[in-house]
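To keep things clear, I will list the structure first and then write my remarks on it.
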Amino acid sequence: MVMLNTKPLKGTVQVSSVIPAYQSLFNGKDHSNDPAWLRDVRVAGLASFANEGFPSIRNERWKYTNLSPLNAGEFVGIEPANDAFKIGAKSAWAQARMVFVNGAYREDLSDIAELKGQVKVVRLHHSLSTMKDDFGQLLDQDLPLVGLNSALMQDGYRVVVADKAKIEGVLEVVFANSGHKNAVFPRNSLKLGKGSELTLVEHFIGQGSYFTNSVGEIDILEGAKLHHYRLQDDDISAINLSHSFVRVGAEALYDNFALSTGAKLARNEISCHIDGEGAHLNLLGAYLVSDAADGKGQTCDTTTFIDHAVANTTSREVYKGVLDGRGYGVFQGKILVREDAQKIEGNQLSRALMLSDKAEINTKPELEIYADDVICSHGATVGDLDEEGLFYLRSRGIPKARARALLVKSFVGEVLDEIENEAIREAFTEHTANWLSANAEG
Amino acid sequence: MAATVDTVERVESITADKYKYGFVTDIEMESAPIGLSEDTVRFISAKKEEPSWMLEWRLKAYRHWLTMKEPNWAKIGYDPIDYQDTYFFAAPKQKVAPKSLDEVDPELLRTYEKLGIPLKEQEVLAGVAVDYVFDSVSVATTFRAKLEEAGVLFMPISEAIINHPDLVKKYMGTVVPTSDNYFAALNSAVFTDGSFVYVPKGVHCPMELSTYFRINAQNTGQFERTLIIADDDTYVSYLEGCTAPMRDENQLHAAVVELVAHENAEIKYSTVQNWYPGDEEGKGGIYNFVTKRAKCAGANSKVSWTQVETGSAVTWKYPSCILQGDNSQGEFYSIAITNNMQQADTGTKMVHIGKNTRSRIISKGISAGKAQNTYRGLVKALPRASNARNFTQCDSLLIGDRCGAHTVPYIESSNSSARIEHEATTSKVSEDQLFYCRQRGIPEEEALALIVNGFCKEVLQELPMEFAVEAQKLVAISLEGSVG
Amino acid sequence: MLKISNLHAAIESENKPILKGVNLEIGAGEIHAIMGPNGSGKSTLSYVLSGRDGYEVTDGSVDFSGEDLMEMEPEERAAAGLFLAFQYPVEIPGVQTMTFLRTALNEIRKARSEKEIDAVGFLKLVREKCKSLNISDEMMKRAVNVGFSGGEKKRNETLQMAVLEPKLAVLDETDSGLDIDALRVVADGVNALRSPNRSMLVITHYQRLLDYIVPDKVHVMANGRIVKSGGKELALELEEHGYAQYEAA
């Protein structure tokens, strides 16, 4: 068992109806087809959730993100999809696609035939009975949200890439949710064999006030490369709490980009354990938030943890936030360099642009370093657009609103430009431009 | 001649004795009964002949303290403190308070001479008034007459409580409330002495004020309380220095410092903290849990904290600024050096409340041996803090592969026109720099001291001259034995 | 003065031999130049002579005025009179050049049981040296090499050499990164320091430096050995024909 994170603070149990609500949801399900080990995992998961419930802001890891909207215990239904919600054709940049609607796999909407190479793409549900040694190995079951997912998860993707297989084309996985107070618990598993390569996009969309609690395990073996992109475009009434646990082997690459514009309350948490020399990590992303459907602000929380457990490894992190309306942004990034993990380079940058008087940002970059031969840095900036830049553009005849729009676009563009896959870079850039013209330029 | 030029001579004069302040003064003492209870609080208050309002204030703090838990969020580990095995009051036995230095016990005078801090005014560094606090009491305050001419009040706080109760009542506990945190509550209950400064309107304090703290007695906690009030249009610079004997057991130091700066007032507060750090195995040393906070209450006020932290086994300290007045400014310049088994968790809080408030944080952490050194800081811009500005530079240097350096900044902004910039780096001492120095003939340990002093320069140059030289010397001493 | 015999050295971390039997003898007051292609071991020789970490001497010896140089710490070599003018002088933020150089001079004096120089005496000394080398003493107030241009860094190296008065100066690629005017200033400085009891070892890739600092002897280094030695005319020959013939060997 790889422990990626320190244990949560105990003793912060909140009195609410939420724990019994999820317990009865669990008890109401038929687990008779689960193998014995999986039942044990589920029971343990439920126990770890029941121990703390949804973490409170007194838990240092959740200091800045208030989960009290979940504590009413309302998000316990799993309804079938709302018919009015139509899923379009697969994205132009995708060669293959899996679609999960309200947590259930939809074969009619999925198309995985086009993906070339030695790769197994299946529903997790179909692999569970054989996954005993591969299931839950990378994550920290003691975290209440992980526990809750383990207890209630039903399906998600399971992708296994064979050694040395370089998969052409992009695999898109769509998580589409709809309905009122629905709760879905996707569980995903991805394993890249030695020297293999894959490009994967997770795409969250939906309609309604649903709650997604997603957990993923990503194992990148020696010399493999994973380009992992994520577009979170949930309904601005929805809640999306996702946690990916990543293990990066020797000489391997984990290249992640997350673009978030949706949800009323979102947290994208990534915990990376680098345990092979020569590995490199890219954690990049942008988040753009404004008012949520209920008139309050959207909350977008990006929390990352990078564990340099071995020597000669490098990581780079860049996140850009744009906060408009009552938007609320959180960035927490921790870099740990363990004892004897020498020759480490870890650089982190978080920049947030505040476009509105009502916006708010809280940032906590953190370095914890126990080896000396390291070059680590972090930078964080918070503020409005650069007045000088604005003046320069206006002095060249560009009207103020247009000049602001240009500067905001270039602010986000700096990090979007780092997306390696051209088609995805264009798609994400377009998504950003659309958001900006609908929000920040209004 | 610039202070840095002097480094060379100072570094050369470093002797092998690692902690030269580690001796014990043999002097007749009187103490409160060991342990902590309401009776202890009453005993202290009675010893100080305090008015009843002060006793009530203490008791309220004590009762609140009983309901509190020792904080555990800092990256420090230490054996639990047994408050029932600590003396909360220890004082050199002296029949009457000394009216002048001639009446001070000669043994005490010799102690300060040994520390390199002569009490005799004519020998004191020109233009520095000093309050000497020995364990729980102030033993001497120099240059009082001269200060009084200018209208500046500089005296032990125990005296201010009796002679200036209105000022003390008005300000004490307004910056650090008695219930603020565990150690502040404890201090409020049992503080024994410390310095009090009041600078009346329009006065530029004619000399540097200084307090020298010394823990001598065994099993004794030191709980000093300092209160500095700078009224409108004033300036004052205050320095504090601290040492303690080498003892095998840990001793507790839990101080509270409150600063209030009114309109157009400026307070410069400098600390060279060199409490006994414990031995190489981590045995003994001072637990330094200190709450220091400044309120920039008036418009255009300014508070600047400069600290050189080289001592103590454990340091828990976050000198902060509440930037309430419009256009007020806060500064924090810090050097924290940990070696052997020392642990430090230190930083600052800059809370921007008023418009156009500015803050600047420069922190230099150096970790050697098996030490752990953490910078923890908060920069917060509240909704009203339009055009607030903060710049933070936080650099850590590692010497050796068994120490740790950590950086934990919190940045919170609720105002779109506030601009906050934070930069942090962590690296080891450059091999190239060391080799360059050695090729020019400078031995390794001195090369290290030179490079580290260079690394700290931005902070050292903020110190008053007399302290800058001392501080550079301390940097070198603190790092002895960390290379090779 | 300096006698290098059959010197073999390797990069410690890679276990990679770089010097493969260097023999070289420099007499008092002589100027020798070592030329050679990139990667021939020229800079390694300067680092091994000055005692930089990361190199392992696997065979041979170096005698410096009767002492075994390889047994000494870098600062002891400096005290014995060895000076290395670095190809890339490192920046040391916050340390004033004046402080740095006075520390160095006094440490060397201390090691030689000589009287240390006080701040006033030192200032006078530096001003004299600056004047004689035609270098502004303004850079003494700045942090060591911080924000210095390429030319300033090399002038600073020359000034340090003048103040520390070594017996043997090793000039490692002193011409690199300098335009012709800066090169002339530095070369003039070096020439001013020539004396009957000061030897110099000039390491360079290009002949052009030797137009200004005229050597007594020129050696060609290739593949970790000195493959040819001659008078100053050898440099011109190399300029014309290149190093190809030696590299093949």
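Starting from 1 in every chain, residues are counted up; chains themselves are A, B, ... following the order of the structure tokens, and ligands are numbered from 1 as listed.
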
Which residues come within 6 Å of segment 425-427 of chain B, counting only C-alpha atoms, excluding same-chain residues fewer than 2 positions away, as JSON, numbers by chain? {"A": [374, 375, 376, 377], "B": [395, 396, 397]}

Dump C-alpha atoms for the selected residues as a PDB file, in the first residue's frame?
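Final output, saved to result.pdb:
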ATOM      1  CA  VAL A 374      17.777  20.293  -4.473  1.00  0.00           C
ATOM      2  CA  ILE A 375      16.580  23.264  -6.420  1.00  0.00           C
ATOM      3  CA  CYS A 376      13.017  23.946  -5.433  1.00  0.00           C
ATOM      4  CA  SER A 377      10.977  27.051  -5.793  1.00  0.00           C
TER       5      SER A 377
ATOM      6  CA  ASP B 395      14.771  31.729   0.756  1.00  0.00           C
ATOM      7  CA  SER B 396      16.029  28.599   2.426  1.00  0.00           C
ATOM      8  CA  LEU B 397      19.536  27.256   2.497  1.00  0.00           C
TER       9      LEU B 397
END

Compile the contact shell of Glu74 of chain A as a short mmCIF file (atom, residue, chain, number, x, y, z; two decimals) with N, CA and C atoms, in the first residue's frame: residues with an atom at most 10 Å away, counting only C-alpha atoms, same-chain residues fewer than 5 positions apart removed.
data_model
loop_
_atom_site.label_atom_id
_atom_site.label_comp_id
_atom_site.auth_asym_id
_atom_site.auth_seq_id
_atom_site.Cartn_x
_atom_site.Cartn_y
_atom_site.Cartn_z
N SER A 17 -26.89 14.58 9.27
CA SER A 17 -27.62 13.40 8.85
C SER A 17 -26.93 12.71 7.69
N VAL A 18 -25.81 13.30 7.27
CA VAL A 18 -25.22 12.83 6.03
C VAL A 18 -24.65 11.41 6.15
N ALA A 21 -27.33 8.79 5.98
CA ALA A 21 -27.92 8.79 4.64
C ALA A 21 -27.10 7.93 3.68
N TYR A 22 -25.76 8.10 3.75
CA TYR A 22 -24.93 7.29 2.86
C TYR A 22 -24.86 5.84 3.32
N PRO A 69 -22.35 22.42 1.90
CA PRO A 69 -23.52 22.15 1.06
C PRO A 69 -23.83 20.65 0.94
N HIS A 180 -31.52 15.94 -10.41
CA HIS A 180 -31.53 16.77 -9.23
C HIS A 180 -31.05 15.95 -8.03
N LYS A 181 -30.02 16.43 -7.35
CA LYS A 181 -29.49 15.79 -6.14
C LYS A 181 -28.99 14.36 -6.38
N ASN A 182 -28.65 14.05 -7.61
CA ASN A 182 -28.06 12.75 -7.90
C ASN A 182 -26.64 12.69 -7.35
N ALA A 183 -26.22 11.52 -6.93
CA ALA A 183 -24.83 11.35 -6.50
C ALA A 183 -24.21 10.23 -7.34
N TYR A 210 -26.18 17.87 -9.50
CA TYR A 210 -25.72 16.53 -9.10
C TYR A 210 -24.39 16.63 -8.35
N PHE A 211 -23.98 15.53 -7.80
CA PHE A 211 -22.72 15.47 -7.04
C PHE A 211 -21.87 14.32 -7.57
#

Excluding Glu224 of chain B and its own-chain neighbours fewer than 6 positions away, which residues fall within 10 Å of it when counting only C-alpha atoms? Please give them as a ChimeraX atom specification. /B:133,135-138,157,187-188,190-195,213,253-257,290

With the cut-off set at 7 Å and counting only C-alpha atoms, tabulate each residue of chain B with an atom at most that distance from an atom of chain A, showing the nearest atom pair and its distance in Å to one decimal, ordered by chain and increasing number, as JSON lines.
{"residue": "B:Leu398", "atom": "CA", "partner": "A:Asp372", "partner_atom": "CA", "distance": 5.4}
{"residue": "B:Ile399", "atom": "CA", "partner": "A:Asp372", "partner_atom": "CA", "distance": 6.7}
{"residue": "B:Gly400", "atom": "CA", "partner": "A:Asp372", "partner_atom": "CA", "distance": 6.1}
{"residue": "B:Asp401", "atom": "CA", "partner": "A:Asp372", "partner_atom": "CA", "distance": 5.0}
{"residue": "B:Arg402", "atom": "CA", "partner": "A:Ala371", "partner_atom": "CA", "distance": 6.8}
{"residue": "B:Cys403", "atom": "CA", "partner": "A:Tyr370", "partner_atom": "CA", "distance": 5.9}
{"residue": "B:Gly404", "atom": "CA", "partner": "A:Tyr370", "partner_atom": "CA", "distance": 4.3}
{"residue": "B:Ala405", "atom": "CA", "partner": "A:Ile369", "partner_atom": "CA", "distance": 5.2}
{"residue": "B:His406", "atom": "CA", "partner": "A:Glu368", "partner_atom": "CA", "distance": 4.4}
{"residue": "B:Thr407", "atom": "CA", "partner": "A:Leu367", "partner_atom": "CA", "distance": 4.9}
{"residue": "B:Val408", "atom": "CA", "partner": "A:Glu366", "partner_atom": "CA", "distance": 4.7}
{"residue": "B:Pro409", "atom": "CA", "partner": "A:Lys364", "partner_atom": "CA", "distance": 5.7}
{"residue": "B:Tyr410", "atom": "CA", "partner": "A:Lys364", "partner_atom": "CA", "distance": 4.7}
{"residue": "B:Ile411", "atom": "CA", "partner": "A:Thr363", "partner_atom": "CA", "distance": 4.9}
{"residue": "B:Glu412", "atom": "CA", "partner": "A:Asn362", "partner_atom": "CA", "distance": 4.3}
{"residue": "B:Ser413", "atom": "CA", "partner": "A:Ile361", "partner_atom": "CA", "distance": 5.4}
{"residue": "B:Ser414", "atom": "CA", "partner": "A:Glu360", "partner_atom": "CA", "distance": 4.5}
{"residue": "B:Asn415", "atom": "CA", "partner": "A:Asp357", "partner_atom": "CA", "distance": 5.8}
{"residue": "B:Ser416", "atom": "CA", "partner": "A:Met354", "partner_atom": "CA", "distance": 4.9}
{"residue": "B:Ser417", "atom": "CA", "partner": "A:Asp384", "partner_atom": "CA", "distance": 5.7}
{"residue": "B:Ala418", "atom": "CA", "partner": "A:Gly383", "partner_atom": "CA", "distance": 5.6}
{"residue": "B:Arg419", "atom": "CA", "partner": "A:Gly383", "partner_atom": "CA", "distance": 4.3}
{"residue": "B:Ile420", "atom": "CA", "partner": "A:Val382", "partner_atom": "CA", "distance": 5.0}
{"residue": "B:Glu421", "atom": "CA", "partner": "A:Thr381", "partner_atom": "CA", "distance": 4.4}
{"residue": "B:His422", "atom": "CA", "partner": "A:Ala380", "partner_atom": "CA", "distance": 5.0}
{"residue": "B:Glu423", "atom": "CA", "partner": "A:Gly379", "partner_atom": "CA", "distance": 4.4}
{"residue": "B:Ala424", "atom": "CA", "partner": "A:His378", "partner_atom": "CA", "distance": 5.2}
{"residue": "B:Thr425", "atom": "CA", "partner": "A:Ser377", "partner_atom": "CA", "distance": 4.2}
{"residue": "B:Thr426", "atom": "CA", "partner": "A:Cys376", "partner_atom": "CA", "distance": 5.1}
{"residue": "B:Ser427", "atom": "CA", "partner": "A:Ile375", "partner_atom": "CA", "distance": 5.0}
{"residue": "B:Lys428", "atom": "CA", "partner": "A:Asp372", "partner_atom": "CA", "distance": 5.4}

Would you please extract all strand (DSSP E or B) residues from segment 114-330 of chain A, as assigned by DSSP on the backbone, and give them as a PyMOL selection string? chain A and resi 116+119-123+157-161+166-184+187-192+197-220+225-232+239-248+253-260+265-274+280-289+291+297+299-308+314-323+328-330

Identify every residue of chain B that has at least one atom within 8 Å of any atom of chain C, counting only C-alpha atoms, and report the result as a count of residues only. 23
